[in-house]
Every structure is written in structure tokens, then in C-alpha cells.
file my_file.tsv (TSV, N, CA and C atoms)
chain	number	residue	atom	x	y	z
R	1	MET	N	109.50	62.25	104.44
R	1	MET	CA	108.99	61.97	105.76
R	1	MET	C	107.51	62.31	105.79
R	2	PRO	N	106.65	61.38	106.20
R	2	PRO	CA	105.22	61.67	106.26
R	2	PRO	C	104.90	62.65	107.38
R	3	MET	N	103.89	63.47	107.15
R	3	MET	CA	103.48	64.43	108.14
R	3	MET	C	102.10	64.03	108.65
R	4	SER	N	101.88	64.13	109.95
R	4	SER	CA	100.57	63.86	110.50
R	4	SER	C	100.23	64.94	111.52
R	5	THR	N	98.96	65.04	111.83
R	5	THR	CA	98.53	65.98	112.85
R	5	THR	C	97.70	65.25	113.88
R	6	LYS	N	97.71	65.79	115.09
R	6	LYS	CA	96.87	65.21	116.13
R	6	LYS	C	96.43	66.33	117.07
R	7	LEU	N	95.23	66.18	117.59
R	7	LEU	CA	94.72	67.12	118.57
R	7	LEU	C	95.41	66.82	119.88
R	8	SER	N	96.14	67.81	120.38
R	8	SER	CA	96.92	67.60	121.59
R	8	SER	C	96.16	67.97	122.85
R	9	THR	N	95.71	69.21	122.89
R	9	THR	CA	95.06	69.68	124.11
R	9	THR	C	93.96	70.67	123.75
R	10	THR	N	93.04	70.82	124.66
R	10	THR	CA	92.02	71.85	124.55
R	10	THR	C	91.98	72.59	125.88
R	11	HIS	N	92.17	73.91	125.83
R	11	HIS	CA	92.10	74.75	127.01
R	11	HIS	C	90.91	75.69	126.84
R	12	ARG	N	90.65	76.47	127.88
R	12	ARG	CA	89.57	77.45	127.79
R	12	ARG	C	89.74	78.39	126.61
R	13	CYS	N	90.98	78.80	126.37
R	13	CYS	CA	91.19	79.84	125.35
R	13	CYS	C	91.48	79.28	123.97
R	14	CYS	N	91.91	78.03	123.89
R	14	CYS	CA	92.32	77.57	122.57
R	14	CYS	C	92.38	76.05	122.48
R	15	THR	N	92.50	75.60	121.25
R	15	THR	CA	92.77	74.20	120.95
R	15	THR	C	94.15	74.15	120.34
R	16	THR	N	94.95	73.17	120.71
R	16	THR	CA	96.28	73.01	120.15
R	16	THR	C	96.33	71.73	119.35
R	17	VAL	N	96.75	71.86	118.10
R	17	VAL	CA	96.94	70.72	117.21
R	17	VAL	C	98.44	70.60	116.99
R	18	THR	N	98.99	69.41	117.17
R	18	THR	CA	100.41	69.19	116.95
R	18	THR	C	100.64	68.60	115.57
R	19	VAL	N	101.49	69.25	114.78
R	19	VAL	CA	101.91	68.71	113.50
R	19	VAL	C	103.11	67.82	113.80
R	20	ASP	N	102.94	66.53	113.61
R	20	ASP	CA	103.94	65.55	114.02
R	20	ASP	C	104.98	65.34	112.91
R	21	LEU	N	106.15	65.91	113.13
R	21	LEU	CA	107.28	65.75	112.21
R	21	LEU	C	108.48	65.18	112.96
R	22	GLU	N	108.20	64.27	113.86
R	22	GLU	CA	109.22	63.66	114.71
R	22	GLU	C	109.98	64.74	115.47
R	23	ASP	N	111.27	64.90	115.24
R	23	ASP	CA	112.05	65.87	116.02
R	23	ASP	C	111.81	67.31	115.60
R	24	ARG	N	111.03	67.53	114.54
R	24	ARG	CA	110.72	68.89	114.09
R	24	ARG	C	109.23	69.20	114.24
R	25	SER	N	108.56	68.53	115.15
R	25	SER	CA	107.12	68.76	115.38
R	25	SER	C	106.89	70.17	115.90
R	26	TYR	N	105.69	70.67	115.68
R	26	TYR	CA	105.36	71.99	116.19
R	26	TYR	C	103.86	72.09	116.44
R	27	PRO	N	103.46	72.98	117.39
R	27	PRO	CA	102.04	73.14	117.70
R	27	PRO	C	101.40	74.22	116.85
R	28	VAL	N	100.10	74.07	116.61
R	28	VAL	CA	99.28	75.10	115.98
R	28	VAL	C	98.17	75.41	116.98
R	29	HIS	N	98.12	76.67	117.44
R	29	HIS	CA	97.12	77.09	118.42
R	29	HIS	C	95.95	77.74	117.68
R	30	ILE	N	94.74	77.33	118.03
R	30	ILE	CA	93.54	77.83	117.39
R	30	ILE	C	92.61	78.36	118.48
R	31	GLY	N	92.24	79.63	118.39
R	31	GLY	CA	91.36	80.16	119.42
R	31	GLY	C	91.14	81.66	119.28
R	32	VAL	N	90.41	82.21	120.23
R	32	VAL	CA	90.05	83.62	120.26
R	32	VAL	C	90.99	84.34	121.23
R	33	GLY	N	91.48	85.50	120.85
R	33	GLY	CA	92.29	86.33	121.75
R	33	GLY	C	93.72	85.88	121.92
R	34	LEU	N	94.21	85.03	121.05
R	34	LEU	CA	95.56	84.49	121.22
R	34	LEU	C	96.66	85.52	121.03
R	35	LEU	N	96.45	86.50	120.17
R	35	LEU	CA	97.48	87.51	119.93
R	35	LEU	C	97.83	88.29	121.18
R	36	ASP	N	96.85	88.53	122.03
R	36	ASP	CA	97.07	89.35	123.22
R	36	ASP	C	97.26	88.52	124.49
R	37	ASN	N	97.29	87.21	124.37
R	37	ASN	CA	97.42	86.33	125.52
R	37	ASN	C	98.89	85.94	125.69
R	38	PRO	N	99.54	86.36	126.80
R	38	PRO	CA	100.96	86.02	127.01
R	38	PRO	C	101.25	84.51	126.98
R	39	ASP	N	100.27	83.71	127.36
R	39	ASP	CA	100.47	82.25	127.32
R	39	ASP	C	100.69	81.74	125.90
R	40	SER	N	100.18	82.48	124.92
R	40	SER	CA	100.36	82.09	123.52
R	40	SER	C	101.83	82.12	123.12
R	41	TRP	N	102.61	82.92	123.81
R	41	TRP	CA	104.01	83.14	123.41
R	41	TRP	C	104.98	82.34	124.26
R	42	ALA	N	104.48	81.54	125.18
R	42	ALA	CA	105.35	80.68	125.98
R	42	ALA	C	105.91	79.58	125.09
R	43	ASN	N	107.13	79.22	125.31
R	43	ASN	CA	107.78	78.10	124.60
R	43	ASN	C	108.01	78.35	123.12
R	44	LEU	N	108.15	79.60	122.72
R	44	LEU	CA	108.50	79.87	121.32
R	44	LEU	C	109.91	79.33	121.05
R	45	PRO	N	110.15	78.88	119.83
R	45	PRO	CA	111.52	78.44	119.49
R	45	PRO	C	112.50	79.60	119.64
R	46	LYS	N	113.70	79.30	120.08
R	46	LYS	CA	114.74	80.32	120.24
R	46	LYS	C	115.38	80.60	118.88
R	47	ALA	N	115.49	81.88	118.54
R	47	ALA	CA	116.12	82.29	117.29
R	47	ALA	C	116.37	83.79	117.35
R	48	GLN	N	117.18	84.28	116.42
R	48	GLN	CA	117.42	85.71	116.31
R	48	GLN	C	116.35	86.41	115.48
R	49	SER	N	115.75	85.65	114.55
R	49	SER	CA	114.78	86.30	113.67
R	49	SER	C	113.56	85.44	113.43
R	50	ALA	N	112.50	86.13	113.02
R	50	ALA	CA	111.23	85.48	112.68
R	50	ALA	C	110.71	86.11	111.39
R	51	VAL	N	109.94	85.32	110.66
R	51	VAL	CA	109.30	85.79	109.43
R	51	VAL	C	107.81	85.46	109.52
R	52	VAL	N	106.98	86.45	109.26
R	52	VAL	CA	105.54	86.25	109.24
R	52	VAL	C	105.09	86.29	107.79
R	53	VAL	N	104.39	85.24	107.36
R	53	VAL	CA	103.82	85.18	106.02
R	53	VAL	C	102.31	85.36	106.15
R	54	SER	N	101.79	86.34	105.43
R	54	SER	CA	100.34	86.57	105.48
R	54	SER	C	99.88	87.03	104.10
R	55	ASN	N	98.61	87.42	104.05
R	55	ASN	CA	98.06	87.88	102.78
R	55	ASN	C	97.46	89.27	102.94
R	56	THR	N	97.04	89.84	101.81
R	56	THR	CA	96.56	91.23	101.80
R	56	THR	C	95.19	91.40	102.44
R	57	THR	N	94.54	90.31	102.82
R	57	THR	CA	93.26	90.39	103.52
R	57	THR	C	93.47	90.31	105.03
R	58	VAL	N	94.20	89.32	105.50
R	58	VAL	CA	94.40	89.10	106.93
R	58	VAL	C	95.50	89.99	107.49
R	59	GLY	N	96.57	90.20	106.73
R	59	GLY	CA	97.71	90.99	107.19
R	59	GLY	C	97.33	92.36	107.75
R	60	PRO	N	96.56	93.16	107.01
R	60	PRO	CA	96.20	94.48	107.53
R	60	PRO	C	95.41	94.44	108.84
R	61	LEU	N	94.74	93.35	109.10
R	61	LEU	CA	93.93	93.24	110.33
R	61	LEU	C	94.77	92.87	111.56
R	62	TYR	N	95.77	92.00	111.40
R	62	TYR	CA	96.46	91.44	112.55
R	62	TYR	C	97.98	91.52	112.53
R	63	LEU	N	98.59	91.85	111.41
R	63	LEU	CA	100.04	91.78	111.29
R	63	LEU	C	100.77	92.70	112.27
R	64	ALA	N	100.32	93.92	112.43
R	64	ALA	CA	100.99	94.86	113.34
R	64	ALA	C	100.99	94.33	114.77
R	65	ARG	N	99.85	93.80	115.22
R	65	ARG	CA	99.77	93.26	116.58
R	65	ARG	C	100.67	92.04	116.75
R	66	LEU	N	100.69	91.18	115.74
R	66	LEU	CA	101.54	90.00	115.82
R	66	LEU	C	103.01	90.40	115.87
R	67	LYS	N	103.43	91.31	115.01
R	67	LYS	CA	104.82	91.74	115.00
R	67	LYS	C	105.21	92.40	116.32
R	68	GLN	N	104.29	93.13	116.92
R	68	GLN	CA	104.55	93.76	118.21
R	68	GLN	C	104.88	92.70	119.27
R	69	GLN	N	104.11	91.62	119.29
R	69	GLN	CA	104.36	90.53	120.24
R	69	GLN	C	105.67	89.81	119.91
R	70	LEU	N	105.92	89.55	118.64
R	70	LEU	CA	107.12	88.81	118.24
R	70	LEU	C	108.40	89.59	118.53
R	71	ARG	N	108.34	90.91	118.46
R	71	ARG	CA	109.53	91.73	118.75
R	71	ARG	C	109.98	91.59	120.19
R	72	LEU	N	109.12	91.13	121.06
R	72	LEU	CA	109.51	90.87	122.45
R	72	LEU	C	110.37	89.61	122.57
R	73	HIS	N	110.35	88.77	121.52
R	73	HIS	CA	111.03	87.48	121.57
R	73	HIS	C	112.14	87.33	120.52
R	74	TYR	N	112.09	88.13	119.46
R	74	TYR	CA	113.05	88.00	118.36
R	74	TYR	C	113.66	89.36	118.04
R	75	ALA	N	114.98	89.37	117.80
R	75	ALA	CA	115.68	90.62	117.48
R	75	ALA	C	115.22	91.21	116.15
R	76	HIS	N	114.89	90.34	115.20
R	76	HIS	CA	114.48	90.78	113.87
R	76	HIS	C	113.18	90.08	113.49
R	77	VAL	N	112.19	90.87	113.09
R	77	VAL	CA	110.91	90.32	112.64
R	77	VAL	C	110.64	90.85	111.23
R	78	HIS	N	110.57	89.93	110.28
R	78	HIS	CA	110.35	90.28	108.88
R	78	HIS	C	108.94	89.84	108.48
R	79	GLU	N	108.46	90.41	107.39
R	79	GLU	CA	107.13	90.04	106.92
R	79	GLU	C	107.13	89.79	105.42
R	80	VAL	N	106.26	88.92	105.00
R	80	VAL	CA	106.01	88.67	103.58
R	80	VAL	C	104.50	88.76	103.42
R	81	LEU	N	104.05	89.74	102.66
R	81	LEU	CA	102.62	89.95	102.44
R	81	LEU	C	102.32	89.59	100.99
R	82	LEU	N	101.53	88.55	100.81
R	82	LEU	CA	101.22	88.02	99.49
R	82	LEU	C	99.77	88.35	99.12
R	83	GLN	N	99.46	88.29	97.84
R	83	GLN	CA	98.10	88.51	97.38
R	83	GLN	C	97.18	87.42	97.94
R	84	ASP	N	95.92	87.76	98.14
R	84	ASP	CA	94.95	86.81	98.65
R	84	ASP	C	94.29	86.07	97.49
R	85	GLY	N	93.98	84.82	97.71
R	85	GLY	CA	93.26	84.03	96.70
R	85	GLY	C	94.03	82.78	96.31
R	86	GLU	N	93.27	81.76	95.98
R	86	GLU	CA	93.86	80.47	95.60
R	86	GLU	C	94.83	80.58	94.44
R	87	GLN	N	94.54	81.48	93.49
R	87	GLN	CA	95.40	81.59	92.32
R	87	GLN	C	96.80	82.09	92.66
R	88	TYR	N	96.99	82.66	93.87
R	88	TYR	CA	98.30	83.16	94.29
R	88	TYR	C	99.07	82.16	95.16
R	89	LYS	N	98.47	81.04	95.46
R	89	LYS	CA	99.16	80.01	96.25
R	89	LYS	C	99.91	79.11	95.27
R	90	ASP	N	101.03	79.65	94.78
R	90	ASP	CA	101.77	78.99	93.71
R	90	ASP	C	103.27	79.10	93.95
R	91	TRP	N	104.04	78.59	93.01
R	91	TRP	CA	105.51	78.60	93.14
R	91	TRP	C	106.05	80.02	93.17
R	92	ARG	N	105.42	80.93	92.44
R	92	ARG	CA	105.89	82.32	92.44
R	92	ARG	C	105.80	82.91	93.86
R	93	SER	N	104.71	82.64	94.55
R	93	SER	CA	104.57	83.14	95.93
R	93	SER	C	105.58	82.48	96.85
R	94	LEU	N	105.80	81.18	96.67
R	94	LEU	CA	106.80	80.49	97.48
R	94	LEU	C	108.18	81.10	97.23
R	95	ASN	N	108.48	81.40	95.97
R	95	ASN	CA	109.75	82.05	95.65
R	95	ASN	C	109.86	83.42	96.33
R	96	THR	N	108.77	84.15	96.38
R	96	THR	CA	108.77	85.45	97.06
R	96	THR	C	109.12	85.29	98.53
R	97	ILE	N	108.58	84.29	99.17
R	97	ILE	CA	108.90	84.02	100.58
R	97	ILE	C	110.39	83.73	100.73
R	98	ILE	N	110.90	82.84	99.91
R	98	ILE	CA	112.29	82.43	100.02
R	98	ILE	C	113.23	83.60	99.69
R	99	GLU	N	112.92	84.35	98.65
R	99	GLU	CA	113.76	85.50	98.28
R	99	GLU	C	113.78	86.56	99.37
R	100	THR	N	112.63	86.80	99.99
R	100	THR	CA	112.56	87.76	101.09
R	100	THR	C	113.43	87.31	102.26
R	101	MET	N	113.35	86.02	102.56
R	101	MET	CA	114.15	85.49	103.67
R	101	MET	C	115.64	85.58	103.36
R	102	LEU	N	116.03	85.28	102.14
R	102	LEU	CA	117.44	85.37	101.76
R	102	LEU	C	117.93	86.82	101.83
R	103	ALA	N	117.13	87.75	101.32
R	103	ALA	CA	117.51	89.16	101.34
R	103	ALA	C	117.63	89.69	102.77
R	104	ALA	N	116.85	89.14	103.69
R	104	ALA	CA	116.89	89.58	105.09
R	104	ALA	C	117.98	88.88	105.88
R	105	GLY	N	118.69	87.95	105.24
R	105	GLY	CA	119.76	87.24	105.93
R	105	GLY	C	119.26	86.18	106.90
R	106	CYS	N	118.10	85.66	106.64
R	106	CYS	CA	117.55	84.63	107.52
R	106	CYS	C	118.40	83.37	107.46
R	107	ALA	N	118.43	82.66	108.56
R	107	ALA	CA	119.22	81.43	108.67
R	107	ALA	C	118.29	80.25	108.93
R	108	ARG	N	118.89	79.09	109.06
R	108	ARG	CA	118.11	77.86	109.29
R	108	ARG	C	117.26	77.93	110.55
R	109	LYS	N	117.71	78.68	111.53
R	109	LYS	CA	116.99	78.76	112.80
R	109	LYS	C	115.88	79.82	112.79
R	110	THR	N	115.72	80.55	111.69
R	110	THR	CA	114.66	81.54	111.60
R	110	THR	C	113.31	80.85	111.77
R	111	VAL	N	112.45	81.46	112.57
R	111	VAL	CA	111.14	80.88	112.85
R	111	VAL	C	110.11	81.50	111.90
R	112	LEU	N	109.32	80.64	111.28
R	112	LEU	CA	108.28	81.09	110.35
R	112	LEU	C	106.92	81.05	111.02
R	113	PHE	N	106.15	82.12	110.82
R	113	PHE	CA	104.79	82.19	111.34
R	113	PHE	C	103.84	82.39	110.16
R	114	ALA	N	102.78	81.60	110.10
R	114	ALA	CA	101.76	81.74	109.07
R	114	ALA	C	100.57	82.47	109.70
R	115	LEU	N	100.25	83.63	109.17
R	115	LEU	CA	99.13	84.42	109.68
R	115	LEU	C	98.03	84.40	108.62
R	116	GLY	N	97.02	83.60	108.84
R	116	GLY	CA	95.92	83.54	107.90
R	116	GLY	C	95.43	82.13	107.64
R	117	GLY	N	96.26	81.15	107.92
R	117	GLY	CA	95.83	79.77	107.74
R	117	GLY	C	95.80	79.35	106.28
R	118	GLY	N	95.12	78.27	106.02
R	118	GLY	CA	95.00	77.76	104.65
R	118	GLY	C	96.35	77.48	104.02
R	119	GLY	N	96.55	77.97	102.83
R	119	GLY	CA	97.77	77.72	102.08
R	119	GLY	C	99.01	78.30	102.75
R	120	TRP	N	98.86	79.36	103.54
R	120	TRP	CA	100.02	79.97	104.17
R	120	TRP	C	100.65	79.00	105.16
R	121	GLY	N	99.82	78.24	105.84
R	121	GLY	CA	100.36	77.21	106.73
R	121	GLY	C	101.11	76.15	105.94
R	122	CYS	N	100.62	75.84	104.75
R	122	CYS	CA	101.30	74.87	103.89
R	122	CYS	C	102.65	75.40	103.45
R	123	TYR	N	102.73	76.70	103.12
R	123	TYR	CA	104.01	77.29	102.75
R	123	TYR	C	104.99	77.19	103.91
R	124	ARG	N	104.48	77.41	105.12
R	124	ARG	CA	105.33	77.34	106.30
R	124	ARG	C	105.93	75.95	106.43
R	125	VAL	N	105.11	74.93	106.25
R	125	VAL	CA	105.60	73.56	106.33
R	125	VAL	C	106.60	73.30	105.22
R	126	CYS	N	106.29	73.76	104.01
R	126	CYS	CA	107.21	73.57	102.88
R	126	CYS	C	108.55	74.23	103.16
R	127	CYS	N	108.54	75.45	103.69
R	127	CYS	CA	109.78	76.15	103.97
R	127	CYS	C	110.58	75.47	105.07
R	128	ARG	N	109.91	74.77	105.97
R	128	ARG	CA	110.62	74.05	107.02
R	128	ARG	C	111.55	73.00	106.43
R	129	TYR	N	111.18	72.46	105.29
R	129	TYR	CA	111.97	71.41	104.69
R	129	TYR	C	113.15	71.95	103.87
R	130	LEU	N	113.16	73.26	103.60
R	130	LEU	CA	114.20	73.83	102.76
R	130	LEU	C	115.46	74.14	103.53

call {"tool": "encode", "arguments": {"input": "my_file.tsv", "output": "C-alpha cells"}}
result
Amino acid sequence: MPMSTKLSTTHRCCTTVTVDLEDRSYPVHIGVGLLDNPDSWANLPKAQSAVVVSNTTVGPLYLARLKQQLRLHYAHVHEVLLQDGEQYKDWRSLNTIIETMLAAGCARKTVLFALGGGGWGCYRVCCRYL
């Protein structure tokens, strides 16, 4: 299935880009102050658990705050912290994500969050297909 993106909306606080996957489409919010803005958390997918994938550069800066917000919406919040750098965006890292999710008992409805952008967002899309 081909994937496309489109700019959906622009608000004062953020820009929203929709990744168009037909019935599995999802928004990507880009902006300043989104972690602490309650509007950022409106319309989250319903699930028992969430997984945040980040790296060793971005994770220490924002992961605790993100998990704090996600715990208000999900019973279980798991994390996968990977090494930073292009050389680590490989099958081994993808396997680490999948193995962590399996060990945590994640199910098909588990929601994945990419914290850091770049390749981590690509992993999120890849995991959506699994």
C-alpha cells in the first residue's frame, strides 16, 4: 500500500501533517510546547499500552515528560531507547523494538510513539505494518 503525506492544518501552536494510509492514517504534530499542551493529547488512539521509541540524544531530554503525559491515557507505557546515529537505523534496532514489544506483552492495538523524528518515525511506520 503506498503511503503519502499531506499538510492538514496549521494552528498557532503547531502544524499537523497527516500520513495517509487510508483506514490507518495518523497525524504528526510539529510545533513548540506540544508536550505540555493538553490539546496535543486529544483524540489519542484507544489502547491499553503505548511504546515510545527514541534515541540516546533526544530521550534524556524529553522522554520522562512524554511518559508522564502518556500515563494519563494508557495503563502501560514502555520505552525503547536506541543509540543515536544513522549507523544504528538498521534491522538490529528494528529487532530491538519488536523484541521489547513482545517481552512487554504488547498487542496489535498498542500505540507507537516516535520521539526524535527522522528514522524513528520510519520505524514507527514499519512497525504499523507488522

call {"tool": "select_by_dssp", "arguments": {"input": "my_file.tsv", "residues": "stretch 3-123 of chain R", "states": "alpha helix (DSSP H)", "output": "JSON, numbers by chain"}}
result
{"R": [59, 60, 61, 62, 63, 64, 65, 66, 67, 68, 69, 70, 91, 92, 93, 94, 95, 96, 97, 98, 99, 100, 101, 102, 103, 119, 120, 121, 122, 123]}

call {"tool": "residues_around", "arguments": {"input": "my_file.tsv", "residues": "stretch 69-86 of chain R", "least_positions_apart": "6", "cutoff": "6.5 Å", "atoms": "only N, CA and C atoms", "output": "number ranges by chain"}}
result
R: 47-57, 97

call {"tool": "residues_near_point", "arguments": {"input": "my_file.tsv", "point": "(110.2, 80.2, 114.6)", "cutoff": "6 Å", "atoms": "all atoms listed in the file", "output": "short mmCIF file (atom, residue, chain, number, x, y, z; two decimals) with N, CA and C atoms, in the coordinates of the input"}}
result
data_model
loop_
_atom_site.label_atom_id
_atom_site.label_comp_id
_atom_site.auth_asym_id
_atom_site.auth_seq_id
_atom_site.Cartn_x
_atom_site.Cartn_y
_atom_site.Cartn_z
N PRO R 45 110.15 78.88 119.83
CA PRO R 45 111.52 78.44 119.49
C PRO R 45 112.50 79.60 119.64
N ALA R 50 112.50 86.13 113.02
CA ALA R 50 111.23 85.48 112.68
C ALA R 50 110.71 86.11 111.39
N LYS R 109 117.71 78.68 111.53
CA LYS R 109 116.99 78.76 112.80
C LYS R 109 115.88 79.82 112.79
N THR R 110 115.72 80.55 111.69
CA THR R 110 114.66 81.54 111.60
C THR R 110 113.31 80.85 111.77
N VAL R 111 112.45 81.46 112.57
CA VAL R 111 111.14 80.88 112.85
C VAL R 111 110.11 81.50 111.90
N LEU R 112 109.32 80.64 111.28
CA LEU R 112 108.28 81.09 110.35
C LEU R 112 106.92 81.05 111.02
N PHE R 113 106.15 82.12 110.82
CA PHE R 113 104.79 82.19 111.34
C PHE R 113 103.84 82.39 110.16
#

call {"tool": "atom_distance", "arguments": {"input": "my_file.tsv", "atom1": "atom CA of R:Ile30", "atom2": "atom CA of R:Thr15"}}
result
5.1 Å

call {"tool": "select_by_dssp", "arguments": {"input": "my_file.tsv", "residues": "stretch 16-86 of chain R", "states": "strand (DSSP E or B)", "output": "ChimeraX atom specification"}}
result
/R:16-20,26-31,49-55,76-82

call {"tool": "atom_distance", "arguments": {"input": "my_file.tsv", "atom1": "atom N of R:Val28", "atom2": "atom N of R:Thr16"}}
result
6.6 Å

call {"tool": "atom_distance", "arguments": {"input": "my_file.tsv", "atom1": "atom CA of R:Arg92", "atom2": "atom N of R:Ala64"}}
result
23.8 Å

call {"tool": "residues_around", "arguments": {"input": "my_file.tsv", "residues": "R:Asp36", "least_positions_apart": "3", "cutoff": "8 Å", "atoms": "all atoms listed in the file", "output": "ChimeraX atom specification"}}
result
/R:32-33,39-41,65-66,69
